[in-house]
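One file, protein06.cif, carrying mmCIF, C-alpha atoms; chains and numbers go by the auth columns:
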```
data_entry
#
loop_
_atom_site.group_PDB
_atom_site.id
_atom_site.type_symbol
_atom_site.label_atom_id
_atom_site.label_comp_id
_atom_site.label_asym_id
_atom_site.label_seq_id
_atom_site.Cartn_x
_atom_site.Cartn_y
_atom_site.Cartn_z
_atom_site.B_iso_or_equiv
_atom_site.auth_seq_id
_atom_site.auth_asym_id
ATOM 1 C CA MET A 1 -8.139 11.964 -18.025 0.00 16 A
ATOM 2 C CA GLU A 2 -6.365 14.993 -16.603 0.00 17 A
ATOM 3 C CA LEU A 3 -5.276 15.612 -13.046 0.00 18 A
ATOM 4 C CA LYS A 4 -7.632 18.565 -12.886 0.00 19 A
ATOM 5 C CA ASN A 5 -10.566 16.134 -13.178 0.00 20 A
ATOM 6 C CA ILE A 6 -9.200 13.964 -10.374 0.00 21 A
ATOM 7 C CA GLU A 7 -10.658 14.866 -6.983 0.00 22 A
ATOM 8 C CA LEU A 8 -9.257 12.066 -4.851 0.00 23 A
ATOM 9 C CA LEU A 9 -5.910 10.260 -4.881 0.00 24 A
ATOM 10 C CA VAL A 10 -5.773 6.941 -3.035 0.00 25 A
ATOM 11 C CA LEU A 11 -2.123 6.119 -2.431 0.00 26 A
ATOM 12 C CA ASP A 12 -0.644 2.952 -1.032 0.00 27 A
ATOM 13 C CA MET A 13 1.898 3.413 1.773 0.00 28 A
ATOM 14 C CA ALA A 14 4.955 1.099 1.883 0.00 29 A
ATOM 15 C CA GLY A 15 6.805 1.135 -1.431 0.00 30 A
ATOM 16 C CA THR A 16 4.574 3.835 -2.910 0.00 31 A
ATOM 17 C CA THR A 17 4.838 6.862 -0.606 0.00 32 A
ATOM 18 C CA ILE A 18 7.112 5.424 2.107 0.00 33 A
ATOM 19 C CA ASP A 19 10.490 3.758 1.760 0.00 34 A
ATOM 20 C CA GLU A 20 10.875 1.159 4.483 0.00 35 A
ATOM 21 C CA ASP A 21 13.397 -0.989 2.626 0.00 36 A
ATOM 22 C CA ASN A 22 10.945 -3.890 2.126 0.00 37 A
ATOM 23 C CA VAL A 23 11.223 -4.637 5.829 0.00 38 A
ATOM 24 C CA VAL A 24 7.635 -5.926 5.858 0.00 39 A
ATOM 25 C CA TYR A 25 8.335 -8.629 3.312 0.00 40 A
ATOM 26 C CA LYS A 26 11.745 -9.443 4.796 0.00 41 A
ATOM 27 C CA THR A 27 10.080 -9.893 8.190 0.00 42 A
ATOM 28 C CA LEU A 28 7.253 -11.925 6.677 0.00 43 A
ATOM 29 C CA THR A 29 9.796 -14.201 4.947 0.00 44 A
ATOM 30 C CA ARG A 30 11.638 -14.707 8.227 0.00 45 A
ATOM 31 C CA ALA A 31 8.442 -15.429 10.172 0.00 46 A
ATOM 32 C CA VAL A 32 7.359 -18.077 7.650 0.00 47 A
ATOM 33 C CA ASN A 33 10.786 -19.707 7.571 0.00 48 A
ATOM 34 C CA GLU A 34 11.034 -19.773 11.366 0.00 49 A
ATOM 35 C CA TYR A 35 8.005 -22.038 11.170 0.00 50 A
ATOM 36 C CA GLY A 36 9.980 -24.646 9.261 0.00 51 A
ATOM 37 C CA TYR A 37 9.403 -23.484 5.673 0.00 52 A
ATOM 38 C CA ALA A 38 11.964 -22.344 3.141 0.00 53 A
ATOM 39 C CA VAL A 39 10.727 -19.455 1.013 0.00 54 A
ATOM 40 C CA SER A 40 12.753 -16.731 -0.675 0.00 55 A
ATOM 41 C CA LEU A 41 12.133 -13.000 -0.409 0.00 56 A
ATOM 42 C CA GLU A 42 11.498 -12.960 -4.201 0.00 57 A
ATOM 43 C CA LYS A 43 8.704 -15.515 -3.790 0.00 58 A
ATOM 44 C CA VAL A 44 7.157 -13.527 -0.941 0.00 59 A
ATOM 45 C CA LEU A 45 7.319 -10.282 -2.939 0.00 60 A
ATOM 46 C CA SER A 46 5.634 -11.814 -5.964 0.00 61 A
ATOM 47 C CA SER A 47 2.961 -13.696 -3.941 0.00 62 A
ATOM 48 C CA CYS A 48 2.143 -11.336 -1.088 0.00 63 A
ATOM 49 C CA ALA A 49 2.714 -7.748 -2.220 0.00 64 A
ATOM 50 C CA GLY A 50 -0.139 -5.418 -1.328 0.00 65 A
ATOM 51 C CA MET A 51 -2.278 -8.004 0.456 0.00 66 A
ATOM 52 C CA GLU A 52 -3.576 -7.809 3.989 0.00 67 A
ATOM 53 C CA LYS A 53 -0.876 -9.706 5.833 0.00 68 A
ATOM 54 C CA LEU A 54 -2.779 -12.624 7.412 0.00 69 A
ATOM 55 C CA GLU A 55 -4.396 -13.263 4.048 0.00 70 A
ATOM 56 C CA ALA A 56 -0.979 -12.969 2.394 0.00 71 A
ATOM 57 C CA ILE A 57 0.539 -15.610 4.679 0.00 72 A
ATOM 58 C CA THR A 58 -2.408 -17.979 4.103 0.00 73 A
ATOM 59 C CA HIS A 59 -2.130 -17.451 0.332 0.00 74 A
ATOM 60 C CA LEU A 60 1.628 -18.074 0.422 0.00 75 A
ATOM 61 C CA LEU A 61 1.254 -21.314 2.428 0.00 76 A
ATOM 62 C CA LYS A 62 -1.306 -22.538 -0.082 0.00 77 A
ATOM 63 C CA GLU A 63 1.082 -21.783 -2.967 0.00 78 A
ATOM 64 C CA ILE A 64 3.978 -23.690 -1.381 0.00 79 A
ATOM 65 C CA ASN A 65 1.744 -26.589 -0.265 0.00 80 A
ATOM 66 C CA GLY A 66 2.258 -25.665 3.367 0.00 81 A
ATOM 67 C CA ASN A 67 -0.256 -26.047 6.166 0.00 82 A
ATOM 68 C CA GLU A 68 -2.686 -23.126 6.046 0.00 83 A
ATOM 69 C CA ASP A 69 -3.555 -23.721 9.719 0.00 84 A
ATOM 70 C CA ASP A 70 -0.085 -22.362 10.542 0.00 85 A
ATOM 71 C CA ALA A 71 -1.046 -18.922 9.208 0.00 86 A
ATOM 72 C CA PRO A 72 -2.454 -17.332 12.414 0.00 87 A
ATOM 73 C CA ALA A 73 0.598 -18.285 14.492 0.00 88 A
ATOM 74 C CA ILE A 74 2.994 -17.090 11.782 0.00 89 A
ATOM 75 C CA PHE A 75 1.014 -13.848 11.533 0.00 90 A
ATOM 76 C CA GLU A 76 1.344 -13.253 15.300 0.00 91 A
ATOM 77 C CA ASN A 77 5.092 -13.813 15.143 0.00 92 A
ATOM 78 C CA PHE A 78 5.345 -11.567 12.059 0.00 93 A
ATOM 79 C CA SER A 79 3.375 -8.765 13.756 0.00 94 A
ATOM 80 C CA ASP A 80 5.555 -8.845 16.872 0.00 95 A
ATOM 81 C CA GLN A 81 8.765 -8.861 14.860 0.00 96 A
ATOM 82 C CA LEU A 82 7.547 -6.069 12.603 0.00 97 A
ATOM 83 C CA LYS A 83 6.725 -3.799 15.536 0.00 98 A
ATOM 84 C CA ALA A 84 10.235 -4.388 16.867 0.00 99 A
ATOM 85 C CA SER A 85 11.837 -3.794 13.429 0.00 100 A
ATOM 86 C CA TYR A 86 9.943 -0.546 12.936 0.00 101 A
ATOM 87 C CA LYS A 87 11.044 0.843 16.280 0.00 102 A
ATOM 88 C CA ASP A 88 14.668 0.884 15.134 0.00 103 A
ATOM 89 C CA LEU A 89 14.177 1.326 11.410 0.00 104 A
ATOM 90 C CA GLU A 90 15.078 4.536 9.672 0.00 105 A
ATOM 91 C CA ILE A 91 12.174 5.150 7.327 0.00 106 A
ATOM 92 C CA LYS A 92 11.836 8.001 4.884 0.00 107 A
ATOM 93 C CA PRO A 93 9.449 9.257 2.241 0.00 108 A
ATOM 94 C CA ILE A 94 10.139 7.988 -1.258 0.00 109 A
ATOM 95 C CA ASN A 95 11.990 10.702 -3.149 0.00 110 A
ATOM 96 C CA GLY A 96 9.797 13.716 -3.920 0.00 111 A
ATOM 97 C CA THR A 97 6.729 12.338 -2.140 0.00 112 A
ATOM 98 C CA GLU A 98 6.407 14.949 0.570 0.00 113 A
ATOM 99 C CA ASN A 99 6.400 17.880 -1.876 0.00 114 A
ATOM 100 C CA PHE A 100 4.036 15.950 -4.115 0.00 115 A
ATOM 101 C CA LEU A 101 1.502 15.481 -1.282 0.00 116 A
ATOM 102 C CA LEU A 102 1.658 19.151 -0.292 0.00 117 A
ATOM 103 C CA SER A 103 1.365 20.292 -3.900 0.00 118 A
ATOM 104 C CA VAL A 104 -1.632 18.042 -4.656 0.00 119 A
ATOM 105 C CA ARG A 105 -3.452 19.165 -1.501 0.00 120 A
ATOM 106 C CA SER A 106 -2.795 22.813 -2.396 0.00 121 A
ATOM 107 C CA GLN A 107 -4.836 22.129 -5.574 0.00 122 A
ATOM 108 C CA HIS A 108 -7.778 21.190 -3.301 0.00 123 A
ATOM 109 C CA LYS A 109 -7.612 17.507 -4.057 0.00 124 A
ATOM 110 C CA LYS A 110 -8.035 14.899 -1.337 0.00 125 A
ATOM 111 C CA ILE A 111 -5.336 12.399 -0.483 0.00 126 A
ATOM 112 C CA VAL A 112 -6.158 9.121 1.226 0.00 127 A
ATOM 113 C CA LEU A 113 -3.374 6.800 2.299 0.00 128 A
ATOM 114 C CA ASN A 114 -4.466 3.165 2.158 0.00 129 A
ATOM 115 C CA THR A 115 -2.698 0.015 3.202 0.00 130 A
ATOM 116 C CA GLY A 116 -2.948 -3.711 3.872 0.00 131 A
ATOM 117 C CA TYR A 117 -1.366 -3.003 7.267 0.00 132 A
ATOM 118 C CA THR A 118 -3.127 -2.801 10.594 0.00 133 A
ATOM 119 C CA SER A 119 -4.041 0.659 11.803 0.00 134 A
ATOM 120 C CA GLU A 120 -1.442 0.411 14.581 0.00 135 A
ATOM 121 C CA ILE A 121 1.443 -0.211 12.187 0.00 136 A
ATOM 122 C CA ALA A 122 0.255 2.447 9.738 0.00 137 A
ATOM 123 C CA HIS A 123 0.138 5.051 12.522 0.00 138 A
ATOM 124 C CA GLN A 124 3.585 3.999 13.695 0.00 139 A
ATOM 125 C CA LEU A 125 4.939 4.716 10.192 0.00 140 A
ATOM 126 C CA LEU A 126 3.191 8.078 9.923 0.00 141 A
ATOM 127 C CA ASP A 127 4.452 9.144 13.353 0.00 142 A
ATOM 128 C CA LYS A 128 8.022 8.302 12.364 0.00 143 A
ATOM 129 C CA LEU A 129 7.692 10.401 9.212 0.00 144 A
ATOM 130 C CA ASN A 130 5.945 13.135 11.153 0.00 145 A
ATOM 131 C CA TRP A 131 3.204 13.209 8.504 0.00 146 A
ATOM 132 C CA LYS A 132 0.079 14.883 9.800 0.00 147 A
ATOM 133 C CA GLU A 133 -3.550 14.480 8.836 0.00 148 A
ATOM 134 C CA ASN A 134 -4.865 17.660 7.142 0.00 149 A
ATOM 135 C CA ILE A 135 -1.323 18.688 6.199 0.00 150 A
ATOM 136 C CA HIS A 136 0.177 15.764 4.270 0.00 151 A
ATOM 137 C CA TYR A 137 -2.969 13.714 3.761 0.00 152 A
ATOM 138 C CA ASP A 138 -6.725 13.877 4.418 0.00 153 A
ATOM 139 C CA ALA A 139 -7.456 10.384 5.737 0.00 154 A
ATOM 140 C CA LEU A 140 -5.862 7.035 6.447 0.00 155 A
ATOM 141 C CA ILE A 141 -7.743 3.824 5.621 0.00 156 A
ATOM 142 C CA THR A 142 -6.253 0.482 6.641 0.00 157 A
ATOM 143 C CA ALA A 143 -7.181 -3.184 6.394 0.00 158 A
ATOM 144 C CA ASP A 144 -8.742 -2.767 9.868 0.00 159 A
ATOM 145 C CA ASP A 145 -11.410 -0.416 8.491 0.00 160 A
ATOM 146 C CA VAL A 146 -12.984 -2.832 5.989 0.00 161 A
ATOM 147 C CA SER A 147 -14.302 -6.382 5.978 0.00 162 A
ATOM 148 C CA GLU A 148 -12.785 -7.305 2.598 0.00 163 A
ATOM 149 C CA SER A 149 -9.182 -6.474 1.839 0.00 164 A
ATOM 150 C CA ARG A 150 -7.530 -5.867 -1.547 0.00 165 A
ATOM 151 C CA PRO A 151 -8.166 -6.480 -4.357 0.00 166 A
ATOM 152 C CA SER A 152 -11.702 -5.772 -3.141 0.00 167 A
ATOM 153 C CA PRO A 153 -12.481 -2.084 -3.778 0.00 168 A
ATOM 154 C CA GLU A 154 -13.843 -1.564 -0.248 0.00 169 A
ATOM 155 C CA MET A 155 -11.054 0.739 0.968 0.00 170 A
ATOM 156 C CA ILE A 156 -11.439 2.995 -2.083 0.00 171 A
ATOM 157 C CA LEU A 157 -15.240 3.032 -1.801 0.00 172 A
ATOM 158 C CA LEU A 158 -14.896 4.013 1.861 0.00 173 A
ATOM 159 C CA ALA A 159 -12.510 6.822 0.886 0.00 174 A
ATOM 160 C CA MET A 160 -15.012 8.100 -1.702 0.00 175 A
ATOM 161 C CA LYS A 161 -17.815 8.003 0.845 0.00 176 A
ATOM 162 C CA LYS A 162 -15.737 9.946 3.387 0.00 177 A
ATOM 163 C CA PHE A 163 -15.337 12.812 0.928 0.00 178 A
ATOM 164 C CA ASN A 164 -18.713 12.602 -0.836 0.00 179 A
ATOM 165 C CA ILE A 165 -17.249 11.578 -4.176 0.00 180 A
ATOM 166 C CA SER A 166 -19.777 9.465 -6.043 0.00 181 A
ATOM 167 C CA GLU A 167 -18.006 9.103 -9.399 0.00 182 A
ATOM 168 C CA ALA A 168 -15.085 6.673 -9.372 0.00 183 A
ATOM 169 C CA HIS A 169 -13.643 8.186 -12.556 0.00 184 A
ATOM 170 C CA LYS A 170 -12.615 11.178 -10.418 0.00 185 A
ATOM 171 C CA VAL A 171 -10.368 8.898 -8.350 0.00 186 A
ATOM 172 C CA LEU A 172 -6.727 8.009 -8.966 0.00 187 A
ATOM 173 C CA LYS A 173 -5.298 4.872 -7.334 0.00 188 A
ATOM 174 C CA ALA A 174 -1.546 4.331 -7.119 0.00 189 A
ATOM 175 C CA GLY A 175 0.481 1.477 -5.701 0.00 190 A
ATOM 176 C CA ASP A 176 3.556 -0.707 -6.091 0.00 191 A
ATOM 177 C CA SER A 177 1.800 -4.066 -6.510 0.00 192 A
ATOM 178 C CA VAL A 178 -0.562 -5.841 -8.913 0.00 193 A
ATOM 179 C CA ILE A 179 -3.106 -6.061 -6.077 0.00 194 A
ATOM 180 C CA ASP A 180 -3.138 -2.229 -5.813 0.00 195 A
ATOM 181 C CA ILE A 181 -3.938 -1.892 -9.500 0.00 196 A
ATOM 182 C CA GLU A 182 -6.631 -4.593 -9.338 0.00 197 A
ATOM 183 C CA GLU A 183 -8.149 -2.766 -6.353 0.00 198 A
ATOM 184 C CA GLY A 184 -8.263 0.458 -8.404 0.00 199 A
ATOM 185 C CA LYS A 185 -9.812 -1.251 -11.407 0.00 200 A
ATOM 186 C CA ASN A 186 -12.387 -3.047 -9.236 0.00 201 A
ATOM 187 C CA ALA A 187 -13.421 0.336 -7.859 0.00 202 A
ATOM 188 C CA GLY A 188 -13.711 1.783 -11.387 0.00 203 A
ATOM 189 C CA CYS A 189 -11.006 4.417 -10.802 0.00 204 A
ATOM 190 C CA GLY A 190 -10.379 6.901 -13.610 0.00 205 A
ATOM 191 C CA LEU A 191 -6.633 6.330 -13.371 0.00 206 A
ATOM 192 C CA THR A 192 -4.536 3.466 -12.041 0.00 207 A
ATOM 193 C CA ILE A 193 -0.842 4.093 -11.599 0.00 208 A
ATOM 194 C CA ALA A 194 1.831 1.543 -10.761 0.00 209 A
ATOM 195 C CA VAL A 195 5.149 2.674 -9.306 0.00 210 A
ATOM 196 C CA LEU A 196 8.526 0.945 -9.448 0.00 211 A
ATOM 197 C CA SER A 197 9.676 2.182 -6.034 0.00 212 A
ATOM 198 C CA GLY A 198 8.394 -0.825 -4.108 0.00 213 A
ATOM 199 C CA ALA A 199 7.681 -4.520 -4.119 0.00 214 A
ATOM 200 C CA GLN A 200 7.188 -5.513 -7.745 0.00 215 A
ATOM 201 C CA ASN A 201 9.028 -4.974 -10.996 0.00 216 A
ATOM 202 C CA LYS A 202 7.804 -3.681 -14.340 0.00 217 A
ATOM 203 C CA GLU A 203 7.122 -7.138 -15.823 0.00 218 A
ATOM 204 C CA GLU A 204 4.955 -8.136 -12.874 0.00 219 A
ATOM 205 C CA LEU A 205 3.120 -4.823 -12.741 0.00 220 A
ATOM 206 C CA GLN A 206 2.366 -4.900 -16.481 0.00 221 A
ATOM 207 C CA LYS A 207 0.217 -7.997 -15.920 0.00 222 A
ATOM 208 C CA ALA A 208 -2.347 -5.791 -14.180 0.00 223 A
ATOM 209 C CA ALA A 209 -2.397 -3.308 -17.114 0.00 224 A
ATOM 210 C CA PRO A 210 -2.198 -0.025 -15.150 0.00 225 A
ATOM 211 C CA ASP A 211 -2.711 3.217 -17.092 0.00 226 A
ATOM 212 C CA TYR A 212 0.857 4.270 -16.298 0.00 227 A
ATOM 213 C CA ILE A 213 3.951 2.721 -14.772 0.00 228 A
ATOM 214 C CA LEU A 214 6.150 5.400 -13.188 0.00 229 A
ATOM 215 C CA ASN A 215 9.402 5.336 -11.254 0.00 230 A
ATOM 216 C CA THR A 216 7.943 7.212 -8.294 0.00 231 A
ATOM 217 C CA ILE A 217 4.613 8.711 -7.289 0.00 232 A
ATOM 218 C CA SER A 218 5.844 12.309 -7.659 0.00 233 A
ATOM 219 C CA GLU A 219 6.079 11.727 -11.437 0.00 234 A
ATOM 220 C CA VAL A 220 2.269 11.802 -11.515 0.00 235 A
ATOM 221 C CA GLU A 221 2.481 15.602 -11.670 0.00 236 A
ATOM 222 C CA GLY A 222 4.678 15.432 -14.756 0.00 237 A
ATOM 223 C CA ILE A 223 2.432 13.175 -16.846 0.00 238 A
ATOM 224 C CA LEU A 224 -0.831 14.828 -15.917 0.00 239 A
#
```
Give the structure from this file in structure tokens form.
Amino acid sequence: MELKNIELLVLDMAGTTIDEDNVVYKTLTRAVNEYGYAVSLEKVLSSCAGMEKLEAITHLLKEINGNEDDAPAIFENFSDQLKASYKDLEIKPINGTENFLLSVRSQHKKIVLNTGYTSEIAHQLLDKLNWKENIHYDALITADDVSESRPSPEMILLAMKKFNISEAHKVLKAGDSVIDIEEGKNAGCGLTIAVLSGAQNKEELQKAAPDYILNTISEVEGIL
């Protein structure tokens, strides 16, 4: 599979294209612990990475034998805290990402950013980076746009539909979590790429058997 045969790249946001210092998972850890639990950031990263966040909290509570009914309240608290954190947070593109996006789009390939975030939070991140639709990327698809979140392939299928791409083997999916890779495989993507710039380490990512594990997304140009 060569990059020239790829027509659409579906790229995760936090940890894959955007460096926000794991603030999402730090905030999620704090929100859970404020509810009387005691979980570590490591546990949250390994359990929740890449998931839609309400689902992630529910999944985490189940794993630690907590009360799953607490999830909606924890999610509310998490969302409020995250909005506040993002207002002050210095966020930046992961090294080389901006040039990578511009270069890929100059080869007439489509770039869709996809995320387990809400649309509001995703837009907040893009505004801070000053990334513009039709310059840095072609579309944004968030957990708000689909009924089933990752690892369901719905976000990728929606991206394909938007750009009239019917063959999944022409799609590349990249992300920093096992759930991203499973999402790509469930959609039948031609290439799945895991990156080490975000939530999960090489050992964890290998469990999902991506086609490549790279340090950062911009290395995609080098291997293809």
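Taken over the whole file, the PyMOL selection byres ((chain A and resi 24) around 8) covers exactly A:Ile21, A:Glu22, A:Leu23, A:Val25, A:Leu26, A:Lys124, A:Lys125, A:Ile126, A:Val127, A:Val186, A:Leu187, A:Lys188, A:Ala189.
Atom CA of Glu169 of chain A sits 27.1 Å away from atom CA of Lys143 of chain A.
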Query raised in the report: Closest to Glu83 of chain A among A:Ile136, A:Leu141, A:Tyr101, A:Tyr50, using only C-alpha atoms?
Result: A:Tyr50
Given 3 Å of margin on each side, can you work out the centre and size in Å (one decimal) of an axis-aligned box holding every listed atom of segment 97-109 of chain A, as AutoDock Vina command-line options?
```
--center_x 10.9 --center_y 1.6 --center_z 7.8 --size_x 14.4 --size_y 21.3 --size_z 24.1
```
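For the structure in this document, the set picked by the PyMOL selection byres ((chain A and resi 86-94) around 9) is Val39, Thr42, Leu43, Thr44, Arg45, Ala46, Val47, Glu49, Tyr50, Lys68, Leu69, Glu70, Ile72, Thr73, Leu76, Asn82, Glu83, Asp84, Asp85, Asp95, Gln96, Leu97, Lys98, Ala99 and Ile136 of chain A.
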Would you mind exporting the chosen residues as a JSON list (two decimals), keeping the file's coordinate frame, restricted to C-alpha atoms?
```json
[["chain", "number", "residue", "atom", "x", "y", "z"],
["A", 39, "VAL", "CA", 7.64, -5.93, 5.86],
["A", 42, "THR", "CA", 10.08, -9.89, 8.19],
["A", 43, "LEU", "CA", 7.25, -11.92, 6.68],
["A", 44, "THR", "CA", 9.80, -14.20, 4.95],
["A", 45, "ARG", "CA", 11.64, -14.71, 8.23],
["A", 46, "ALA", "CA", 8.44, -15.43, 10.17],
["A", 47, "VAL", "CA", 7.36, -18.08, 7.65],
["A", 49, "GLU", "CA", 11.03, -19.77, 11.37],
["A", 50, "TYR", "CA", 8.01, -22.04, 11.17],
["A", 68, "LYS", "CA", -0.88, -9.71, 5.83],
["A", 69, "LEU", "CA", -2.78, -12.62, 7.41],
["A", 70, "GLU", "CA", -4.40, -13.26, 4.05],
["A", 72, "ILE", "CA", 0.54, -15.61, 4.68],
["A", 73, "THR", "CA", -2.41, -17.98, 4.10],
["A", 76, "LEU", "CA", 1.25, -21.31, 2.43],
["A", 82, "ASN", "CA", -0.26, -26.05, 6.17],
["A", 83, "GLU", "CA", -2.69, -23.13, 6.05],
["A", 84, "ASP", "CA", -3.56, -23.72, 9.72],
["A", 85, "ASP", "CA", -0.08, -22.36, 10.54],
["A", 95, "ASP", "CA", 5.56, -8.85, 16.87],
["A", 96, "GLN", "CA", 8.76, -8.86, 14.86],
["A", 97, "LEU", "CA", 7.55, -6.07, 12.60],
["A", 98, "LYS", "CA", 6.72, -3.80, 15.54],
["A", 99, "ALA", "CA", 10.24, -4.39, 16.87],
["A", 136, "ILE", "CA", 1.44, -0.21, 12.19]]
```
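Reported to one decimal place, the separation of atom CA of Lys58 of chain A from atom CA of Asp160 of chain A is 28.0 Å.
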Query raised in the report: Using only C-alpha atoms, which residue out of A:Thr130, A:Ser118, A:Ser212, A:Ser61 lies closest to Met28 of chain A?
Result: A:Thr130
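Closest to Lys107 of chain A among A:Leu140, A:Gly203, A:Ile171, A:Val210 is A:Leu140, based on all atoms listed in the file.
Going from atom CA of Thr157 of chain A over to atom CA of Lys222 of chain A, you cover 25.0 Å.
Among A:Pro225, A:Pro108, A:Gly81, A:Gly131, the residue with the shortest atom-to-atom distance to Ala158 of chain A, counting all atoms listed in the file, is A:Gly131.
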Requested in this report: Spell out the residues picked by the PyMOL selection byres ((chain A and resi 65-67) around 10) here, as a PyMOL selection string.
Outcome: chain A and resi 27-30+60-64+68-72+74+130-133+157-159+163-166+190-196+198+214-215
Complete segment 47-62 of chain A at the level of N, CA and C atoms, written as an mmCIF file, in the coordinates of the input.
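Output contents, as saved in selection.cif:
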```
data_model
loop_
_atom_site.group_PDB
_atom_site.id
_atom_site.type_symbol
_atom_site.label_atom_id
_atom_site.label_comp_id
_atom_site.auth_asym_id
_atom_site.auth_seq_id
_atom_site.Cartn_x
_atom_site.Cartn_y
_atom_site.Cartn_z
ATOM 1 N N VAL A 47 7.799 -16.824 8.286
ATOM 2 C CA VAL A 47 7.359 -18.077 7.650
ATOM 3 C C VAL A 47 8.449 -19.141 7.789
ATOM 4 N N ASN A 48 9.689 -18.730 7.539
ATOM 5 C CA ASN A 48 10.786 -19.707 7.571
ATOM 6 C C ASN A 48 11.098 -20.192 8.985
ATOM 7 N N GLU A 49 10.844 -19.350 9.978
ATOM 8 C CA GLU A 49 11.034 -19.773 11.366
ATOM 9 C C GLU A 49 10.042 -20.873 11.743
ATOM 10 N N TYR A 50 9.013 -21.006 10.926
ATOM 11 C CA TYR A 50 8.005 -22.038 11.170
ATOM 12 C C TYR A 50 8.318 -23.324 10.422
ATOM 13 N N GLY A 51 9.546 -23.397 9.890
ATOM 14 C CA GLY A 51 9.980 -24.646 9.261
ATOM 15 C C GLY A 51 9.820 -24.686 7.750
ATOM 16 N N TYR A 52 9.505 -23.528 7.137
ATOM 17 C CA TYR A 52 9.403 -23.484 5.673
ATOM 18 C C TYR A 52 10.690 -22.908 5.093
ATOM 19 N N ALA A 53 10.780 -22.921 3.792
ATOM 20 C CA ALA A 53 11.964 -22.344 3.141
ATOM 21 C C ALA A 53 11.509 -21.550 1.923
ATOM 22 N N VAL A 54 11.138 -20.301 2.151
ATOM 23 C CA VAL A 54 10.727 -19.455 1.013
ATOM 24 C C VAL A 54 11.719 -18.314 0.850
ATOM 25 N N SER A 55 11.843 -17.848 -0.391
ATOM 26 C CA SER A 55 12.753 -16.731 -0.675
ATOM 27 C C SER A 55 11.986 -15.414 -0.596
ATOM 28 N N LEU A 56 12.731 -14.334 -0.409
ATOM 29 C CA LEU A 56 12.133 -13.000 -0.409
ATOM 30 C C LEU A 56 11.447 -12.736 -1.753
ATOM 31 N N GLU A 57 12.076 -13.181 -2.856
ATOM 32 C CA GLU A 57 11.498 -12.960 -4.201
ATOM 33 C C GLU A 57 10.101 -13.585 -4.289
ATOM 34 N N LYS A 58 9.988 -14.808 -3.764
ATOM 35 C CA LYS A 58 8.704 -15.515 -3.790
ATOM 36 C C LYS A 58 7.662 -14.744 -2.974
ATOM 37 N N VAL A 59 8.077 -14.271 -1.814
ATOM 38 C CA VAL A 59 7.157 -13.527 -0.941
ATOM 39 C C VAL A 59 6.721 -12.229 -1.622
ATOM 40 N N LEU A 60 7.665 -11.533 -2.257
ATOM 41 C CA LEU A 60 7.319 -10.282 -2.939
ATOM 42 C C LEU A 60 6.329 -10.532 -4.066
ATOM 43 N N SER A 61 6.532 -11.608 -4.825
ATOM 44 C CA SER A 61 5.634 -11.814 -5.964
ATOM 45 C C SER A 61 4.276 -12.353 -5.505
ATOM 46 N N SER A 62 4.235 -13.100 -4.386
ATOM 47 C CA SER A 62 2.961 -13.696 -3.941
ATOM 48 C C SER A 62 2.145 -12.788 -3.028
#
```
